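start_36.txt follows (compact mmCIF, C-alpha atoms):
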# COMPACT_ATOMS: atom_id res chain seq x y z
CA MET A 1 -31.29 53.33 -45.38
CA LYS A 2 -31.60 49.58 -45.79
CA LYS A 3 -33.58 47.82 -43.11
CA ARG A 4 -32.13 44.87 -41.21
CA VAL A 5 -33.86 41.73 -39.96
CA ARG A 6 -33.35 41.46 -36.20
CA LYS A 7 -36.47 39.69 -34.93
CA ALA A 8 -37.60 36.10 -35.45
CA VAL A 9 -41.14 34.91 -34.75
CA PHE A 10 -41.88 31.28 -33.81
CA PRO A 11 -45.55 30.24 -34.00
CA ALA A 12 -45.79 27.57 -31.30
CA ALA A 13 -49.42 27.45 -30.17
CA GLY A 14 -50.46 24.32 -32.07
CA LEU A 15 -51.75 21.26 -30.22
CA GLY A 16 -49.45 18.70 -31.86
CA THR A 17 -52.21 16.13 -32.29
CA ARG A 18 -50.16 14.06 -34.75
CA PHE A 19 -47.84 13.06 -31.90
CA LEU A 20 -50.43 12.08 -29.30
CA PRO A 21 -50.10 10.72 -26.67
CA ALA A 22 -46.53 12.06 -26.43
CA THR A 23 -47.82 15.64 -26.76
CA LYS A 24 -50.72 15.28 -24.31
CA ALA A 25 -48.73 16.97 -21.53
CA GLN A 26 -45.79 18.53 -23.37
CA PRO A 27 -45.48 20.81 -26.43
CA LYS A 28 -44.53 19.10 -29.68
CA GLU A 29 -41.83 21.77 -30.05
CA MET A 30 -40.11 20.25 -27.01
CA LEU A 31 -39.85 16.74 -28.45
CA PRO A 32 -36.13 15.88 -28.52
CA LEU A 33 -34.26 15.42 -31.77
CA VAL A 34 -31.45 13.28 -30.33
CA ASP A 35 -30.91 15.38 -27.16
CA LYS A 36 -32.10 18.85 -28.16
CA PRO A 37 -35.71 20.09 -28.41
CA ILE A 38 -36.96 20.68 -31.94
CA ILE A 39 -37.52 24.38 -31.33
CA GLN A 40 -33.95 24.95 -30.15
CA TYR A 41 -32.65 24.06 -33.61
CA GLY A 42 -34.74 26.90 -35.05
CA VAL A 43 -33.65 29.37 -32.39
CA GLU A 44 -30.00 28.55 -33.03
CA GLU A 45 -30.59 29.01 -36.77
CA ALA A 46 -32.13 32.44 -36.15
CA MET A 47 -29.17 33.43 -34.00
CA ALA A 48 -26.69 32.26 -36.63
CA ALA A 49 -28.57 34.40 -39.17
CA GLY A 50 -28.05 37.53 -37.07
CA CYS A 51 -31.39 37.77 -35.24
CA ASP A 52 -31.03 38.96 -31.66
CA GLN A 53 -34.66 38.92 -30.55
CA ILE A 54 -36.94 35.88 -30.47
CA ILE A 55 -40.73 36.15 -30.23
CA MET A 56 -42.59 32.97 -29.30
CA ILE A 57 -46.32 32.77 -30.04
CA THR A 58 -47.49 30.27 -27.44
CA GLY A 59 -50.72 28.98 -26.00
CA ARG A 60 -52.10 26.97 -23.13
CA GLY A 61 -49.83 24.11 -22.05
CA LYS A 62 -46.69 25.62 -23.58
CA THR A 63 -44.91 26.69 -20.38
CA ALA A 64 -42.23 24.04 -20.94
CA ILE A 65 -40.90 26.18 -23.82
CA GLU A 66 -40.58 29.19 -21.52
CA ASP A 67 -38.91 27.08 -18.83
CA HIS A 68 -36.43 25.65 -21.34
CA PHE A 69 -35.10 29.05 -22.36
CA ASP A 70 -35.17 30.40 -18.80
CA VAL A 71 -32.54 30.07 -16.06
CA SER A 72 -32.84 26.90 -13.96
CA TYR A 73 -31.16 27.89 -10.71
CA GLU A 74 -31.74 24.58 -8.93
CA LEU A 75 -30.36 22.51 -11.80
CA GLU A 76 -27.34 24.78 -12.26
CA LYS A 77 -26.58 24.69 -8.53
CA MET A 78 -26.76 20.89 -8.47
CA LEU A 79 -24.48 20.53 -11.51
CA GLU A 80 -22.03 23.01 -10.04
CA GLU A 81 -21.92 21.18 -6.69
CA ARG A 82 -21.33 17.85 -8.44
CA ASN A 83 -18.60 19.39 -10.61
CA LYS A 84 -20.41 18.47 -13.85
CA THR A 85 -18.91 21.42 -15.68
CA GLU A 86 -19.64 20.28 -19.23
CA LEU A 87 -23.35 19.81 -18.54
CA LEU A 88 -23.43 23.09 -16.63
CA THR A 89 -22.01 24.87 -19.68
CA VAL A 90 -24.65 23.31 -21.94
CA VAL A 91 -27.49 24.32 -19.61
CA ARG A 92 -26.23 27.89 -19.22
CA GLN A 93 -25.76 28.30 -22.97
CA ILE A 94 -29.50 27.72 -23.45
CA SER A 95 -30.63 30.42 -21.02
CA ASP A 96 -27.88 32.83 -22.07
CA MET A 97 -28.33 32.41 -25.82
CA ILE A 98 -30.80 35.17 -26.62
CA HIS A 99 -33.60 37.48 -25.46
CA VAL A 100 -36.98 35.73 -25.75
CA ALA A 101 -40.40 37.38 -25.51
CA TYR A 102 -43.69 35.50 -25.35
CA VAL A 103 -47.15 36.32 -26.73
CA ARG A 104 -50.13 34.20 -25.73
CA GLN A 105 -52.41 33.11 -28.58
CA LYS A 106 -55.65 32.28 -26.80
CA GLU A 107 -56.93 30.08 -29.62
CA ALA A 108 -55.14 28.58 -32.60
CA MET A 109 -56.69 30.38 -35.58
CA GLY A 110 -54.11 29.67 -38.25
CA LEU A 111 -50.59 30.70 -39.14
CA GLY A 112 -51.67 34.14 -40.31
CA HIS A 113 -53.30 34.82 -36.95
CA ALA A 114 -50.15 33.68 -35.11
CA VAL A 115 -48.03 36.07 -37.17
CA LEU A 116 -50.49 38.91 -36.56
CA MET A 117 -50.16 38.32 -32.79
CA ALA A 118 -46.53 39.47 -33.05
CA ARG A 119 -47.43 42.87 -34.50
CA GLU A 120 -46.81 45.00 -31.42
CA LEU A 121 -43.48 43.38 -30.57
CA VAL A 122 -42.19 43.43 -34.15
CA GLY A 123 -43.25 47.01 -34.89
CA ASP A 124 -42.42 48.69 -38.17
CA GLU A 125 -39.48 46.55 -39.25
CA PRO A 126 -38.86 43.41 -41.29
CA PHE A 127 -38.84 40.10 -39.42
CA ALA A 128 -38.43 36.37 -39.89
CA VAL A 129 -40.96 33.61 -39.27
CA LEU A 130 -39.70 30.10 -38.57
CA LEU A 131 -41.89 27.02 -38.26
CA ALA A 132 -40.11 24.81 -35.75
CA ASP A 133 -41.34 21.59 -37.40
CA ASP A 134 -39.11 22.28 -40.40
CA ILE A 135 -35.53 21.50 -39.39
CA MET A 136 -33.09 22.76 -42.00
CA ASP A 137 -29.69 21.09 -42.24
CA ALA A 138 -27.47 23.41 -44.29
CA ASP A 139 -23.85 24.57 -44.35
CA VAL A 140 -25.08 28.18 -44.49
CA PRO A 141 -28.11 28.49 -42.18
CA CYS A 142 -31.32 28.58 -44.21
CA LEU A 143 -32.48 31.83 -42.64
CA LYS A 144 -29.09 33.44 -43.28
CA GLN A 145 -29.47 32.61 -46.99
CA MET A 146 -32.87 34.31 -47.01
CA ILE A 147 -31.74 37.37 -45.08
CA ASP A 148 -28.92 37.81 -47.61
CA VAL A 149 -31.63 37.95 -50.29
CA PHE A 150 -33.69 40.41 -48.26
CA ASP A 151 -30.67 42.64 -47.67
CA GLU A 152 -30.37 43.07 -51.43
CA THR A 153 -34.06 43.17 -52.43
CA GLN A 154 -35.65 44.76 -49.31
CA SER A 155 -38.71 42.64 -50.13
CA SER A 156 -40.44 39.68 -48.51
CA VAL A 157 -38.74 36.34 -49.20
CA LEU A 158 -40.37 32.90 -49.01
CA ALA A 159 -38.26 29.77 -48.63
CA THR A 160 -39.07 27.23 -51.31
CA GLN A 161 -37.95 23.82 -52.44
CA VAL A 162 -38.68 21.73 -55.51
CA VAL A 163 -41.38 19.12 -54.88
CA GLU A 164 -42.31 16.72 -57.67
CA GLY A 165 -45.45 14.65 -58.17
CA PRO A 166 -48.56 14.31 -55.99
CA ALA A 167 -46.73 15.54 -52.87
CA ILE A 168 -47.03 19.12 -54.19
CA SER A 169 -50.67 19.05 -53.01
CA SER A 170 -49.49 19.27 -49.40
CA TYR A 171 -47.94 22.72 -49.85
CA GLY A 172 -48.53 26.28 -50.81
CA VAL A 173 -47.11 26.63 -54.33
CA LEU A 174 -45.56 29.60 -56.13
CA ASP A 175 -46.75 30.98 -59.43
CA SER A 176 -43.54 32.75 -60.36
CA LYS A 177 -40.81 33.47 -62.87
CA PRO A 178 -37.03 33.56 -62.52
CA ALA A 179 -36.05 36.97 -61.14
CA ASP A 180 -32.64 37.33 -62.76
CA GLY A 181 -29.19 35.81 -62.57
CA ARG A 182 -28.59 36.81 -58.95
CA PHE A 183 -28.19 34.18 -56.25
CA GLY A 184 -27.27 31.42 -58.66
CA GLY A 185 -30.65 31.37 -60.41
CA ARG A 186 -32.39 30.43 -57.17
CA LEU A 187 -34.43 33.63 -56.95
CA TYR A 188 -37.99 33.84 -58.31
CA GLU A 189 -40.40 36.77 -58.50
CA VAL A 190 -43.83 35.72 -57.23
CA SER A 191 -47.01 36.65 -59.06
CA ASN A 192 -49.43 34.41 -57.13
CA LEU A 193 -49.62 31.73 -54.47
CA VAL A 194 -51.85 28.67 -54.61
CA GLU A 195 -52.60 26.76 -51.41
CA LYS A 196 -52.49 22.95 -51.70
CA PRO A 197 -53.44 22.62 -55.37
CA LYS A 198 -54.25 19.38 -57.12
CA PRO A 199 -51.11 18.15 -58.92
CA GLN A 200 -52.59 19.00 -62.32
CA ASP A 201 -53.47 22.53 -61.13
CA ALA A 202 -50.12 23.38 -59.52
CA PRO A 203 -48.58 26.43 -61.24
CA SER A 204 -45.04 25.14 -60.59
CA ASN A 205 -43.06 22.64 -58.56
CA LEU A 206 -41.84 25.30 -56.12
CA ALA A 207 -43.34 24.57 -52.71
CA ILE A 208 -43.29 27.02 -49.79
CA ILE A 209 -41.59 25.63 -46.67
CA GLY A 210 -41.40 26.87 -43.11
CA ARG A 211 -39.16 29.93 -43.39
CA TYR A 212 -40.29 33.47 -44.23
CA VAL A 213 -38.69 36.91 -44.19
CA LEU A 214 -41.53 39.44 -44.23
CA THR A 215 -41.90 43.19 -44.40
CA PRO A 216 -44.13 44.85 -41.76
CA GLY A 217 -46.68 45.46 -44.53
CA ILE A 218 -47.92 41.91 -43.90
CA PHE A 219 -49.57 43.05 -40.66
CA GLU A 220 -51.87 45.51 -42.38
CA THR A 221 -52.88 42.98 -45.02
CA LEU A 222 -53.47 40.23 -42.44
CA SER A 223 -55.65 42.59 -40.40
CA ARG A 224 -58.06 42.87 -43.35
CA THR A 225 -57.75 39.31 -44.66
CA PRO A 226 -60.97 37.30 -44.29
CA LEU A 227 -60.85 33.93 -42.59
CA GLY A 228 -60.04 31.17 -45.04
CA ALA A 229 -59.85 27.37 -45.01
CA GLY A 230 -60.98 25.81 -41.74
CA GLY A 231 -62.22 29.16 -40.46
CA GLU A 232 -58.61 30.22 -39.88
CA LEU A 233 -56.57 33.26 -40.87
CA GLN A 234 -54.19 31.92 -43.50
CA LEU A 235 -50.79 33.51 -44.03
CA THR A 236 -50.95 32.59 -47.72
CA ASP A 237 -54.12 34.69 -48.11
CA GLY A 238 -52.40 37.65 -46.47
CA LEU A 239 -49.40 37.27 -48.75
CA LYS A 240 -51.70 37.40 -51.79
CA LEU A 241 -53.01 40.77 -50.63
CA LEU A 242 -49.46 41.96 -49.96
CA LEU A 243 -48.58 41.12 -53.58
CA ALA A 244 -50.87 43.92 -54.72
CA LYS A 245 -48.63 46.43 -52.96
CA GLU A 246 -45.14 44.93 -52.79
CA LYS A 247 -42.86 42.50 -54.55
CA ILE A 248 -42.45 39.07 -53.01
CA TYR A 249 -39.65 36.68 -53.90
CA GLY A 250 -39.28 32.95 -53.61
CA TYR A 251 -35.83 31.58 -52.91
CA VAL A 252 -34.88 27.93 -53.46
CA VAL A 253 -32.86 27.35 -50.31
CA GLU A 254 -29.75 25.20 -50.16
CA GLY A 255 -29.72 22.37 -47.64
CA LYS A 256 -31.87 19.45 -46.57
CA ARG A 257 -35.29 19.91 -44.97
CA HIS A 258 -36.59 17.52 -42.33
CA ASP A 259 -40.33 17.64 -41.61
CA THR A 260 -40.33 16.72 -37.93
CA GLY A 261 -44.04 17.48 -37.67
CA ASP A 262 -44.57 14.10 -39.34
CA LYS A 263 -43.80 10.89 -37.43
CA LEU A 264 -41.78 9.33 -40.24
CA GLY A 265 -39.96 12.61 -40.89
CA PHE A 266 -39.17 12.89 -37.18
CA LEU A 267 -37.69 9.37 -37.12
CA LYS A 268 -35.61 9.99 -40.24
CA ALA A 269 -34.28 13.27 -38.82
CA THR A 270 -33.37 11.58 -35.53
CA VAL A 271 -31.34 8.91 -37.33
CA GLU A 272 -29.57 11.36 -39.63
CA PHE A 273 -28.69 13.82 -36.87
CA ALA A 274 -27.49 11.00 -34.60
CA LEU A 275 -25.23 9.63 -37.35
CA LYS A 276 -23.61 13.07 -37.69
CA ARG A 277 -22.74 13.28 -34.02
CA ALA A 278 -19.09 12.76 -33.17
CA ASP A 279 -20.03 11.15 -29.84
CA LEU A 280 -22.74 8.86 -31.25
CA GLY A 281 -22.31 8.40 -34.97
CA LYS A 282 -19.74 5.62 -35.16
CA GLU A 283 -21.33 3.35 -32.57
CA PHE A 284 -24.86 4.08 -33.81
CA ARG A 285 -23.87 3.28 -37.42
CA THR A 286 -22.35 -0.03 -36.31
CA TRP A 287 -25.53 -0.94 -34.45
CA LEU A 288 -27.74 -0.04 -37.44
CA LYS A 289 -25.71 -2.34 -39.69
CA GLN A 290 -26.41 -5.23 -37.32
CA LEU A 291 -30.16 -4.89 -37.62
CA GLU A 292 -32.00 -7.49 -39.68
CA LEU A 293 -33.95 -5.24 -42.02
Structure translated into structure tokens:
Amino acid sequence: MKKRVRKAVFPAAGLGTRFLPATKAQPKEMLPLVDKPIIQYGVEEAMAAGCDQIIMITGRGKTAIEDHFDVSYELEKMLEERNKTELLTVVRQISDMIHVAYVRQKEAMGLGHAVLMARELVGDEPFAVLLADDIMDADVPCLKQMIDVFDETQSSVLATQVVEGPAISSYGVLDSKPADGRFGGRLYEVSNLVEKPKPQDAPSNLAIIGRYVLTPGIFETLSRTPLGAGGELQLTDGLKLLLAKEKIYGYVVEGKRHDTGDKLGFLKATVEFALKRADLGKEFRTWLKQLEL
């Protein structure tokens, strides 16, 4: 019987130092992209891909994330009394959208450690990992594309995109070969992963981005993976061990990626998402054209 991806894990215990002082008292995942927190985009993507259980890996100072996805009785009562029905609907949609469970990561010890923290809640079934910083703007949700690949291969799938030039050194990079003609030539069979190589040492131009569909075998390999760069448990190192036992595929996802963990990327994403809004786009575009750039 084919296994189905139902659970999505969101590592959200990082300190967000690149956005200080804005993140001194609030999680970076709660920074608004137009009028919606960054992490809500990822949760909505997971829901659209068919996941019905969300697991947040949080840490100290992250209670705002829990509050956001919880019921706010006082706010709902006030909106109801003031007959602000549209806003009331928006607020209730957030708390009603999905079941969310939380795991506390006492210290940030790398992405691999965050994933390992979800082991008991995930159990023996495949699951997705979404890094909230990566906002994917696609007609077919990025995670849905990947789950379609998993449904056919029943193997771990890493989201990738083509990155040219020196920028490849900022990513994990696939050493891979085209799998076959399925999925429009976007599918690659992975033979190795290289973390942040020098441009001349990169085995390809296929960079790993913040979406993963993983088999539960990753938990066993992470549990015996030694600490890597920065004294942290690296997910890439765990995936290398998993390769010795299982196939792993890379999939070149369709859509545009916005790196909102970077200040410039966050600003670009804000502008692009605002321009797409029916209630903001026209007036915002007119104002932008008036700027003396």
* Would you kindly return, as a ChimeraX atom specification, each protein, DNA or RNA residue with an atom no farther than 12 Å from any atom of Ala118 of chain A, considering only C-alpha atoms and excluding same-chain residues fewer than 2 positions away? => /A:7-11,54-58,101-105,111-116,120-129,216,218-219,222
* Asked: Quick one: of A:Lys36, A:Phe150, A:Met117, A:Val140, who's nearest to Ser223 of chain A, counting all atoms listed in the file?
  ->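 Answer, going by the shortest atom-to-atom distance: A:Met117.
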* **Spatial sel., origin (-33.5, 49.2, -50.0), limit 7 Å, all atoms listed in the file, listed as number ranges by chain** => A: 1-2, 153-154
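Taking atom CA of Leu233 of chain A as the reference point, atom CA of Lys144 of chain A is found at 27.6 Å.
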Could you build a table of the residues in segment 77-149 of chain A lying no more than 6 Å from segment 250-263 of chain A, giving for each the nearest pair of atoms and their separation in Å rounded to one decimal place, using all atoms listed in the file, ordered by chain and ascending residue number, as CSV?
residue,atom,partner,partner_atom,distance
A:Asp133,CA,A:Gly261,CA,4.9
A:Asp134,CA,A:Asp259,CA,4.9
A:Ile135,CA,A:His258,CA,5.1
A:Met136,CA,A:Arg257,CA,4.7
A:Asp137,CA,A:Lys256,CA,5.1
A:Ala138,CA,A:Gly255,CA,4.2
* Mind checking which residues fall within 12 Å of Leu20 of chain A, counting all atoms listed in the file, ignoring those fewer than 4 positions away in the same chain, and posting them as a list in words? => Leu15, Gly16, Lys24, Ala25, Gln26, Pro27, Lys28, Leu31, Gly261, Asp262 and Lys263 of chain A
* To do: Tell me, in Å to one decimal, how far atom CA of Glu283 of chain A is from atom CA of Glu45 of chain A.
  => 27.6 Å
* Asked: What is the distance between atom CA of Val163 of chain A and atom CA of Val194 of chain A, in Å to one decimal?
  ->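 Spanning atom CA of Val163 of chain A to atom CA of Val194 of chain A is a straight-line distance of 14.2 Å.
Ranking A:Leu131, A:Arg186, A:Glu195, A:Thr236 by their shortest atom-to-atom distance to Val173 of chain A, with all atoms listed in the file included, puts A:Glu195 first.
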So that I can see what lies close to Pro203 of chain A, please list as a JSON list (two decimals) with C-alpha atoms, keeping the file's coordinate frame the residues with an atom at most 7 Å from it, counting all atoms listed in the file and leaving out residues fewer than 2 positions away in the same chain.
[["chain", "number", "residue", "atom", "x", "y", "z"],
["A", 174, "LEU", "CA", -45.56, 29.60, -56.13],
["A", 175, "ASP", "CA", -46.75, 30.98, -59.43],
["A", 201, "ASP", "CA", -53.47, 22.53, -61.13]]
Cut-off 10 Å: closest segment 105-196 of chain A/segment 241-247 of chain A atom pairs per residue, using all atoms listed in the file, as JSON lines:
{"residue": "A:Thr153", "atom": "CA", "partner": "A:Lys247", "partner_atom": "CA", "distance": 9.1}
{"residue": "A:Gln154", "atom": "CA", "partner": "A:Lys247", "partner_atom": "CA", "distance": 9.2}
{"residue": "A:Ser155", "atom": "CA", "partner": "A:Lys247", "partner_atom": "CA", "distance": 6.1}
{"residue": "A:Ser156", "atom": "CA", "partner": "A:Lys247", "partner_atom": "CA", "distance": 7.1}
{"residue": "A:Val157", "atom": "CA", "partner": "A:Lys247", "partner_atom": "CA", "distance": 9.1}
{"residue": "A:Glu189", "atom": "CA", "partner": "A:Lys247", "partner_atom": "CA", "distance": 7.4}
{"residue": "A:Val190", "atom": "CA", "partner": "A:Lys247", "partner_atom": "CA", "distance": 7.4}
{"residue": "A:Ser191", "atom": "CA", "partner": "A:Leu243", "partner_atom": "CA", "distance": 7.2}
{"residue": "A:Asn192", "atom": "CA", "partner": "A:Leu243", "partner_atom": "CA", "distance": 7.6}
{"residue": "A:Leu193", "atom": "CA", "partner": "A:Leu243", "partner_atom": "CA", "distance": 9.5}
Around all listed atoms of segment 167-184 of chain A, padded 5 Å per side, what centre and edge lengths does the axis-aligned box have in Å to one decimal, as lines of an AutoDock Vina configuration file?
center_x = -39.0
center_y = 26.4
center_z = -56.1
size_x = 33.4
size_y = 31.8
size_z = 23.5
* From the set A:Glu29, A:Glu220, A:Asp237, A:Glu152, which residue has the shortest atom-to-atom contact distance to Thr63 of chain A, counting all atoms listed in the file? -> A:Glu29
* **Expected answer as a VMD selection string: all residues with atoms within 6 Å of (-50.0, 14.1, -59.4), all atoms listed in the file** => chain A and resid 165 to 166 199
* Leu75 of chain A surroundings by only C-alpha atoms, 12 Å radius, close-in-sequence under 4 positions cut, as a VMD selection string -> chain A and resid 67 to 68 70 to 71 79 to 82 84 87 to 92
* To do: Pick out the closest residue to Val162 of chain A from this set: A:Ala269, A:Ala207, A:Leu187, A:Met78. Count all atoms listed in the file.
  => A:Ala207
* Asked: Looking at all atoms listed in the file, which of A:Ala13, A:Ala278, A:Leu206, A:Val213 is the one that sits closest to Lys106 of chain A?
  ->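 Among the listed residues, the smallest separation from Lys106 of chain A belongs to A:Ala13.
With all atoms listed in the file as the atoms that count, the residue of A:Gly230, A:Asp180, A:Ile65, A:Leu143 with the shortest distance to Gly42 of chain A is A:Leu143.
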File output for segment 240-258 of chain A (N, CA and C atoms) as a PDB file, in the first residue's frame:
ATOM      1  N   LYS A 240      22.837  12.220   3.490  1.00  0.00           N
ATOM      2  CA  LYS A 240      23.927  11.436   2.899  1.00  0.00           C
ATOM      3  C   LYS A 240      23.904  10.002   3.425  1.00  0.00           C
ATOM      4  N   LEU A 241      23.679   9.846   4.722  1.00  0.00           N
ATOM      5  CA  LEU A 241      23.590   8.503   5.295  1.00  0.00           C
ATOM      6  C   LEU A 241      22.364   7.771   4.771  1.00  0.00           C
ATOM      7  N   LEU A 242      21.271   8.494   4.598  1.00  0.00           N
ATOM      8  CA  LEU A 242      20.046   7.874   4.096  1.00  0.00           C
ATOM      9  C   LEU A 242      20.245   7.345   2.679  1.00  0.00           C
ATOM     10  N   LEU A 243      21.103   8.026   1.910  1.00  0.00           N
ATOM     11  CA  LEU A 243      21.382   7.597   0.528  1.00  0.00           C
ATOM     12  C   LEU A 243      21.950   6.185   0.458  1.00  0.00           C
ATOM     13  N   ALA A 244      22.612   5.750   1.514  1.00  0.00           N
ATOM     14  CA  ALA A 244      23.187   4.407   1.522  1.00  0.00           C
ATOM     15  C   ALA A 244      22.111   3.336   1.615  1.00  0.00           C
ATOM     16  N   LYS A 245      20.906   3.728   2.016  1.00  0.00           N
ATOM     17  CA  LYS A 245      19.827   2.764   2.213  1.00  0.00           C
ATOM     18  C   LYS A 245      18.653   2.963   1.261  1.00  0.00           C
ATOM     19  N   GLU A 246      18.427   4.201   0.844  1.00  0.00           N
ATOM     20  CA  GLU A 246      17.236   4.516   0.057  1.00  0.00           C
ATOM     21  C   GLU A 246      17.579   5.458  -1.086  1.00  0.00           C
ATOM     22  N   LYS A 247      16.721   5.459  -2.090  1.00  0.00           N
ATOM     23  CA  LYS A 247      16.848   6.439  -3.164  1.00  0.00           C
ATOM     24  C   LYS A 247      16.346   7.795  -2.675  1.00  0.00           C
ATOM     25  N   ILE A 248      16.988   8.830  -3.160  1.00  0.00           N
ATOM     26  CA  ILE A 248      16.545  10.202  -2.914  1.00  0.00           C
ATOM     27  C   ILE A 248      16.492  10.904  -4.262  1.00  0.00           C
ATOM     28  N   TYR A 249      15.428  11.665  -4.466  1.00  0.00           N
ATOM     29  CA  TYR A 249      15.271  12.392  -5.730  1.00  0.00           C
ATOM     30  C   TYR A 249      15.321  13.899  -5.482  1.00  0.00           C
ATOM     31  N   GLY A 250      15.821  14.606  -6.480  1.00  0.00           N
ATOM     32  CA  GLY A 250      15.713  16.050  -6.518  1.00  0.00           C
ATOM     33  C   GLY A 250      14.684  16.426  -7.559  1.00  0.00           C
ATOM     34  N   TYR A 251      13.874  17.410  -7.255  1.00  0.00           N
ATOM     35  CA  TYR A 251      12.847  17.837  -8.205  1.00  0.00           C
ATOM     36  C   TYR A 251      12.960  19.343  -8.399  1.00  0.00           C
ATOM     37  N   VAL A 252      13.138  19.757  -9.646  1.00  0.00           N
ATOM     38  CA  VAL A 252      13.225  21.184  -9.976  1.00  0.00           C
ATOM     39  C   VAL A 252      11.810  21.743  -9.976  1.00  0.00           C
ATOM     40  N   VAL A 253      11.459  22.448  -8.912  1.00  0.00           N
ATOM     41  CA  VAL A 253      10.079  22.893  -8.731  1.00  0.00           C
ATOM     42  C   VAL A 253       9.742  24.044  -9.672  1.00  0.00           C
ATOM     43  N   GLU A 254       8.469  24.115 -10.026  1.00  0.00           N
ATOM     44  CA  GLU A 254       7.965  25.217 -10.840  1.00  0.00           C
ATOM     45  C   GLU A 254       7.475  26.322  -9.916  1.00  0.00           C
ATOM     46  N   GLY A 255       7.757  27.556 -10.271  1.00  0.00           N
ATOM     47  CA  GLY A 255       7.328  28.688  -9.463  1.00  0.00           C
ATOM     48  C   GLY A 255       8.507  29.563  -9.087  1.00  0.00           C
ATOM     49  N   LYS A 256       8.208  30.658  -8.434  1.00  0.00           N
ATOM     50  CA  LYS A 256       9.243  31.619  -8.036  1.00  0.00           C
ATOM     51  C   LYS A 256       9.476  31.539  -6.533  1.00  0.00           C
ATOM     52  N   ARG A 257      10.746  31.465  -6.138  1.00  0.00           N
ATOM     53  CA  ARG A 257      11.121  31.419  -4.731  1.00  0.00           C
ATOM     54  C   ARG A 257      11.524  32.798  -4.245  1.00  0.00           C
ATOM     55  N   HIS A 258      11.000  33.162  -3.081  1.00  0.00           N
ATOM     56  CA  HIS A 258      11.402  34.403  -2.427  1.00  0.00           C
ATOM     57  C   HIS A 258      12.106  34.042  -1.118  1.00  0.00           C
TER      58      HIS A 258
END
